[in-house]
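Q: Questions regarding the structure given below will be posed in turn.
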Amino acid sequence: MSYLLRCRAAVHIGSPIWHQSTRFKSTLTSYSGSVVKNKSYRVLFFGETAYSLEVLKALNNWRLSDNTMIDSISVVCPKSISTGLKRRVLVRESLLDTFAKENSLGSNWVNNNDEMQSWSIPEGWPKFDIAVVAGCRWRLPKSLENKFSEGVVSVHPSLLPKHRGPTPVISAMLSDSRETGVTVCEYSFDRVDSGNILAQLPYTIEKGYTREDVLRDLGYLGGKLLVKSIENIDHLKKHAVRQNMYEANYSRYYDNDDEVRVIWETMGADEIVKLNEAFHGKRATHTIFRKKDSMAKVFLYDMHVADKSTEPLDAEFLKYPPGSIFYRRKVPYLEVPCIDGKRLHITRLGREGRSIMTGLQYVNGYLRLSGALRFLSYPVEPVKPTPKFQYPPGYVKPTLTDVYSPAESQKLLATSKKHKASDRNKIKQLIESMCDE
């Protein structure tokens with residue numbers, strides 16, 4: 001089922017869903033009160049990301065519908081930047097700026113926090129009834145606190161008070177729990193994401209979903225929930241639920257290069273994939289590739305854990321240190337064993353400063369012998385040999401029979417033998433010398 005169909009099934013469009021539990025469990029009840037349709041709101045929207053765009057699309061679709069309560073929408077967002085005198089070239093596109101122009105919405109530009117703190121409603125703009133904040137990392141200035149008759153609401157991609165702050169989806173994906181959601185709450189000018197909750201909707205992160213997939217779904221759900229919240233804004237404000245500060249936790253900015261570095265000595269395949277999915281589209285996980293005296297950072301864009309039923313490219317992969325690179329001609333991925341005995345299949349990667357490649361393209365450009373080289377956790381001095389792989393204390397190296405049955409192991413070894421190149425002994429000698437250095 002596509003994510004749009006799944007999301008539509010999750011949101012009961014005909015009947016608004018409201019969070020009514022003071023304990024902030026995922027208990028949801030349906031509010032059957034009458035919706036006041038004679039009101040019309042002028043909305044000021046703050047946002048800057050693809051998540052913001054999904055919320056804005058739902059709001060704009062409601063504006064264009066027959067049963068709308070939206071009179072107008074104006075957007076505050078970063079500005080698209082172009083260069084060139086005669087032929088304009090788009091350097092940085094602002095998704096919301098483009099959408100506002102295409103749909104004839106009023107727009108004004110804010111590109112950093114300093115500009116936001118000094119921002120005020122431009123002359124000539126209407127008096128707005130309500131402001132919406134969705135996916136905006138900059139705090140609104142205190143001067144806007146009493147400018148809207150219905151106040152300011154925030155559409156936050158988590159079940160508050162969990163995962164407050166700038167990276168709630170990354171925090172949720174890196175945690176052991178796969179449960180998150182979207183919250184419509186009153187915007188707090190004093191503390192981050194601490195306003196009273198108006199409505200919530202839970203969401204389960206599916207296996208294999210990346211950060212971008214989750215934000216896309218939550219943006220769609222958040223937009224639908226926002227529409228229902230505005231329809232019933234008076235009722236929701238009257239029954240708003242204060243957040244439990246004792247249950248609150250905070251996400252944070254991730255700006256350290258080591259936070260997305262693959263550490264082959266400690267990270268299993270599932271942990272590496274989880275890291276990649278959590279930061280996908282924001283920052284790429286990376287490792288180090290050494291060829292002779294050349295040391296390069298390699299970004300790993302797309303990968304997955306190999307299924308047990310998928311034949312390993314070398315049946316003796318467990319004898320090699322984690323991070324070793326295996327390939328086979330015409331196979332579109334690189335296979336890399338990990339410390340937990342599982343295998344990674346890397347389908348898209350690229351050296352720093354170079355274009356993105358498929359696994360097969362990387363083989364053609366940089367690899368000559370399957371298994372002869374390995375990815376490193378950290379760079380080493382070019383004049384020194386690659387150090388021997390350091391296994392954790394007490395680590396017991398798994399064998400093929402730990403992963404497969406004896407019969408399967410024999411079959412894999414026989415099949416792998418057929419695919420071996422004529423220089424197999426040369427490859428083994430290179431690996432042994434690399435491990436013994």
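Each chain of the structure tokens is named A, B, ... in the order shown, its residues numbered from 1; ligands are numbered from 1 in display order.
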Could you list, as a short mmCIF file (atom, residue, chain, number, x, y, z; two decimals) with N, CA and C atoms, in the first residue's frame, every residue within 12 Å of A:Gly195, counting only C-alpha atoms and ignoring same-chain residues fewer than 3 positions away?

A:
data_model
loop_
_atom_site.label_atom_id
_atom_site.label_comp_id
_atom_site.auth_asym_id
_atom_site.auth_seq_id
_atom_site.Cartn_x
_atom_site.Cartn_y
_atom_site.Cartn_z
N GLY A 151 -4.37 33.04 18.07
CA GLY A 151 -3.09 32.58 18.58
C GLY A 151 -2.20 31.94 17.52
N VAL A 152 -1.15 31.29 17.99
CA VAL A 152 -0.18 30.60 17.14
C VAL A 152 -0.19 29.12 17.47
N VAL A 153 -0.28 28.27 16.45
CA VAL A 153 -0.25 26.83 16.67
C VAL A 153 0.97 26.24 15.98
N SER A 154 1.49 25.18 16.55
CA SER A 154 2.66 24.49 16.01
C SER A 154 2.27 23.07 15.60
N VAL A 155 2.81 22.62 14.46
CA VAL A 155 2.60 21.24 14.00
C VAL A 155 3.95 20.55 14.12
N HIS A 156 4.09 19.75 15.18
CA HIS A 156 5.40 19.18 15.52
C HIS A 156 5.43 17.68 15.22
N LEU A 160 4.47 14.90 21.47
CA LEU A 160 4.94 15.69 22.61
C LEU A 160 4.30 15.16 23.89
N PRO A 161 5.05 15.20 25.00
CA PRO A 161 6.32 15.91 25.21
C PRO A 161 7.58 15.14 24.80
N ARG A 164 11.08 16.77 21.89
CA ARG A 164 11.02 18.21 21.60
C ARG A 164 12.30 18.62 20.87
N THR A 183 1.92 16.20 16.46
CA THR A 183 1.18 16.95 17.48
C THR A 183 0.84 18.35 16.98
N VAL A 184 -0.39 18.74 17.18
CA VAL A 184 -0.79 20.15 16.99
C VAL A 184 -0.95 20.74 18.38
N CYS A 185 -0.17 21.77 18.66
CA CYS A 185 -0.19 22.37 20.01
C CYS A 185 -0.12 23.89 19.90
N GLU A 186 -0.41 24.53 21.02
CA GLU A 186 -0.23 25.97 21.10
C GLU A 186 1.27 26.29 21.10
N TYR A 187 1.66 27.30 20.35
CA TYR A 187 3.07 27.67 20.25
C TYR A 187 3.50 28.40 21.52
N SER A 188 4.63 27.97 22.07
CA SER A 188 5.16 28.62 23.27
C SER A 188 6.30 29.56 22.88
N PHE A 189 6.19 30.80 23.26
CA PHE A 189 7.25 31.78 23.00
C PHE A 189 8.34 31.72 24.06
N ASP A 190 8.10 30.98 25.14
CA ASP A 190 9.05 30.94 26.26
C ASP A 190 9.95 29.70 26.24
N ARG A 191 9.36 28.53 25.96
CA ARG A 191 10.13 27.28 25.98
C ARG A 191 9.82 26.47 24.72
N VAL A 192 10.81 25.77 24.20
CA VAL A 192 10.69 25.05 22.94
C VAL A 192 9.66 23.93 23.05
N LEU A 198 -3.28 20.38 21.58
CA LEU A 198 -4.63 20.46 21.04
C LEU A 198 -5.07 19.13 20.42
N ALA A 199 -4.18 18.47 19.67
CA ALA A 199 -4.52 17.21 19.01
C ALA A 199 -3.25 16.44 18.72
N LYS A 237 -9.10 24.47 22.21
CA LYS A 237 -8.47 25.37 23.17
C LYS A 237 -9.10 25.22 24.55
N ALA A 240 -7.66 21.92 25.92
CA ALA A 240 -6.24 21.69 25.70
C ALA A 240 -5.61 21.02 26.92
N VAL A 241 -4.60 20.17 26.65
CA VAL A 241 -3.96 19.38 27.71
C VAL A 241 -2.55 19.90 27.94
N ARG A 242 -2.23 20.21 29.19
CA ARG A 242 -0.89 20.67 29.51
C ARG A 242 0.10 19.51 29.43
N GLN A 243 1.27 19.79 28.89
CA GLN A 243 2.30 18.75 28.76
C GLN A 243 2.88 18.38 30.13
N ASN A 244 3.18 17.11 30.27
CA ASN A 244 3.81 16.62 31.49
C ASN A 244 5.33 16.83 31.36
N MET A 245 5.86 17.78 32.09
CA MET A 245 7.28 18.12 31.99
C MET A 245 8.19 16.97 32.42
#

Q: Step one, run DSSP on the backbone; step two, keep only residues of stretch 61-226 of chain A assigned to alpha helix (DSSP H); then write them as a compact mmCIF listing (two decimals) with N, CA, C and O atoms, in the first residue's frame.

A:
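out.txt written:
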# COMPACT_ATOMS: atom_id res chain seq x y z
N ASN A 61 -5.01 23.08 0.04
CA ASN A 61 -6.09 22.29 -0.56
C ASN A 61 -7.42 22.57 0.13
O ASN A 61 -8.47 22.62 -0.53
N TRP A 62 -7.36 22.76 1.44
CA TRP A 62 -8.58 23.12 2.17
C TRP A 62 -9.06 24.51 1.75
O TRP A 62 -10.25 24.74 1.59
N ARG A 63 -8.12 25.42 1.56
CA ARG A 63 -8.48 26.78 1.12
C ARG A 63 -9.24 26.76 -0.21
O ARG A 63 -10.17 27.55 -0.43
N LEU A 64 -8.86 25.84 -1.10
CA LEU A 64 -9.47 25.76 -2.43
C LEU A 64 -10.73 24.91 -2.47
O LEU A 64 -11.40 24.86 -3.51
N LEU A 95 11.52 25.26 -1.24
CA LEU A 95 10.31 24.54 -1.65
C LEU A 95 9.05 25.35 -1.37
O LEU A 95 8.13 25.40 -2.19
N LEU A 96 9.03 26.02 -0.22
CA LEU A 96 7.84 26.80 0.14
C LEU A 96 7.72 28.06 -0.70
O LEU A 96 6.62 28.47 -1.07
N ASP A 97 8.86 28.69 -1.01
CA ASP A 97 8.85 29.88 -1.85
C ASP A 97 8.31 29.54 -3.23
O ASP A 97 7.47 30.27 -3.79
N THR A 98 8.76 28.43 -3.80
CA THR A 98 8.28 27.99 -5.11
C THR A 98 6.79 27.68 -5.07
O THR A 98 6.03 28.08 -5.96
N PHE A 99 6.35 26.96 -4.02
CA PHE A 99 4.94 26.61 -3.90
C PHE A 99 4.07 27.86 -3.75
O PHE A 99 2.98 27.94 -4.34
N ALA A 100 4.54 28.83 -2.97
CA ALA A 100 3.77 30.06 -2.77
C ALA A 100 3.58 30.81 -4.09
O ALA A 100 2.49 31.31 -4.39
N LYS A 101 4.63 30.87 -4.90
CA LYS A 101 4.54 31.55 -6.20
C LYS A 101 3.61 30.82 -7.14
O LYS A 101 2.81 31.44 -7.86
N GLU A 102 3.70 29.48 -7.16
CA GLU A 102 2.87 28.70 -8.07
C GLU A 102 1.39 28.77 -7.70
O GLU A 102 0.52 28.60 -8.57
N ASN A 113 18.26 33.08 11.66
CA ASN A 113 17.62 33.39 12.93
C ASN A 113 17.65 34.89 13.23
O ASN A 113 16.70 35.44 13.80
N ASP A 114 18.74 35.58 12.85
CA ASP A 114 18.81 37.04 13.09
C ASP A 114 17.71 37.77 12.34
O ASP A 114 17.08 38.70 12.87
N GLU A 115 17.47 37.35 11.10
CA GLU A 115 16.40 37.98 10.32
C GLU A 115 15.04 37.68 10.93
O GLU A 115 14.15 38.55 10.94
N MET A 116 14.88 36.47 11.47
CA MET A 116 13.60 36.12 12.09
C MET A 116 13.35 36.96 13.35
O MET A 116 12.22 37.41 13.58
N GLN A 117 14.38 37.17 14.16
CA GLN A 117 14.20 37.91 15.40
C GLN A 117 13.83 39.37 15.16
O GLN A 117 13.24 40.03 16.02
N PRO A 168 13.34 15.83 15.87
CA PRO A 168 12.53 14.79 16.55
C PRO A 168 12.50 13.47 15.80
O PRO A 168 12.46 12.40 16.42
N VAL A 169 12.52 13.50 14.46
CA VAL A 169 12.45 12.25 13.70
C VAL A 169 13.75 11.47 13.82
O VAL A 169 13.74 10.24 13.98
N ILE A 170 14.89 12.16 13.76
CA ILE A 170 16.18 11.48 13.94
C ILE A 170 16.24 10.84 15.31
O ILE A 170 16.65 9.67 15.45
N SER A 171 15.82 11.56 16.34
CA SER A 171 15.84 11.02 17.70
C SER A 171 14.95 9.79 17.83
O SER A 171 15.31 8.81 18.47
N ALA A 172 13.77 9.85 17.21
CA ALA A 172 12.85 8.71 17.28
C ALA A 172 13.43 7.50 16.56
O ALA A 172 13.32 6.37 17.03
N MET A 173 14.06 7.72 15.41
CA MET A 173 14.59 6.61 14.63
C MET A 173 15.83 5.99 15.27
O MET A 173 16.10 4.80 15.10
N LEU A 174 16.60 6.79 15.98
CA LEU A 174 17.78 6.26 16.66
C LEU A 174 17.45 5.56 17.97
O LEU A 174 18.26 4.80 18.49
N ARG A 211 14.54 8.72 7.00
CA ARG A 211 14.08 9.96 7.62
C ARG A 211 13.16 10.74 6.68
O ARG A 211 12.14 11.29 7.10
N GLU A 212 13.50 10.79 5.39
CA GLU A 212 12.68 11.52 4.43
C GLU A 212 11.30 10.89 4.28
O GLU A 212 10.30 11.60 4.16
N ASP A 213 11.23 9.55 4.28
CA ASP A 213 9.94 8.86 4.19
C ASP A 213 9.06 9.18 5.39
O ASP A 213 7.86 9.45 5.25
N VAL A 214 9.65 9.17 6.58
CA VAL A 214 8.89 9.43 7.80
C VAL A 214 8.38 10.88 7.82
O VAL A 214 7.21 11.14 8.15
N LEU A 215 9.24 11.83 7.47
CA LEU A 215 8.83 13.23 7.45
C LEU A 215 7.74 13.48 6.42
O LEU A 215 6.82 14.28 6.65
N ARG A 216 7.82 12.80 5.29
CA ARG A 216 6.77 12.92 4.27
C ARG A 216 5.43 12.45 4.81
O ARG A 216 4.41 13.13 4.67
N ASP A 217 5.42 11.29 5.47
CA ASP A 217 4.19 10.77 6.05
C ASP A 217 3.66 11.68 7.16
O ASP A 217 2.47 11.99 7.21
N LEU A 218 4.56 12.09 8.05
CA LEU A 218 4.13 12.94 9.18
C LEU A 218 3.66 14.30 8.69
O LEU A 218 2.75 14.90 9.28
N GLY A 219 4.26 14.81 7.61
CA GLY A 219 3.78 16.07 7.04
C GLY A 219 2.38 15.94 6.50
O GLY A 219 1.53 16.83 6.69
N TYR A 220 2.09 14.82 5.84
CA TYR A 220 0.74 14.59 5.32
C TYR A 220 -0.26 14.47 6.47
O TYR A 220 -1.32 15.09 6.47
N LEU A 221 0.09 13.64 7.47
CA LEU A 221 -0.80 13.46 8.62
C LEU A 221 -0.97 14.77 9.39
O LEU A 221 -2.07 15.11 9.82
N GLY A 222 0.14 15.51 9.56
CA GLY A 222 0.08 16.77 10.28
C GLY A 222 -0.80 17.79 9.59
O GLY A 222 -1.51 18.56 10.24
N GLY A 223 -0.76 17.81 8.25
CA GLY A 223 -1.61 18.73 7.50
C GLY A 223 -3.08 18.42 7.70
O GLY A 223 -3.91 19.33 7.90
N LYS A 224 -3.43 17.14 7.63
CA LYS A 224 -4.83 16.75 7.85
C LYS A 224 -5.28 17.06 9.27
O LYS A 224 -6.40 17.52 9.50
N LEU A 225 -4.39 16.79 10.23
CA LEU A 225 -4.73 17.06 11.62
C LEU A 225 -4.86 18.56 11.89
O LEU A 225 -5.71 19.00 12.66
N LEU A 226 -4.03 19.36 11.22
CA LEU A 226 -4.11 20.81 11.36
C LEU A 226 -5.45 21.34 10.86
O LEU A 226 -6.08 22.21 11.50

Q: I'd like the contact shell of A:Lys127 - 9 Å cut-off, only C-alpha atoms, skipping same-chain residues fewer than 6 positions apart - returned as a ChimeraX atom specification.

A: /A:42,121,147-148

Q: Quote the spacing between atom CA of A:Tyr327 and atom CA of A:Lys342 in Å to one decimal place.

A: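 For atom CA of A:Tyr327 relative to atom CA of A:Lys342, the distance reads 15.8 Å.
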
Q: How many Å separate atom CA of A:Leu376 from atom CA of A:Ala284?

A: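 About the pair atom CA of A:Leu376 and atom CA of A:Ala284: they are 16.1 Å apart.
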
Q: I'd like the contact shell of A:Thr399 - 9 Å cut-off, only C-alpha atoms, skipping same-chain residues fewer than 5 positions apart - returned as a list in words.

A: Glu316, Leu318, Lys319, Gly341 and Tyr404 of chain A
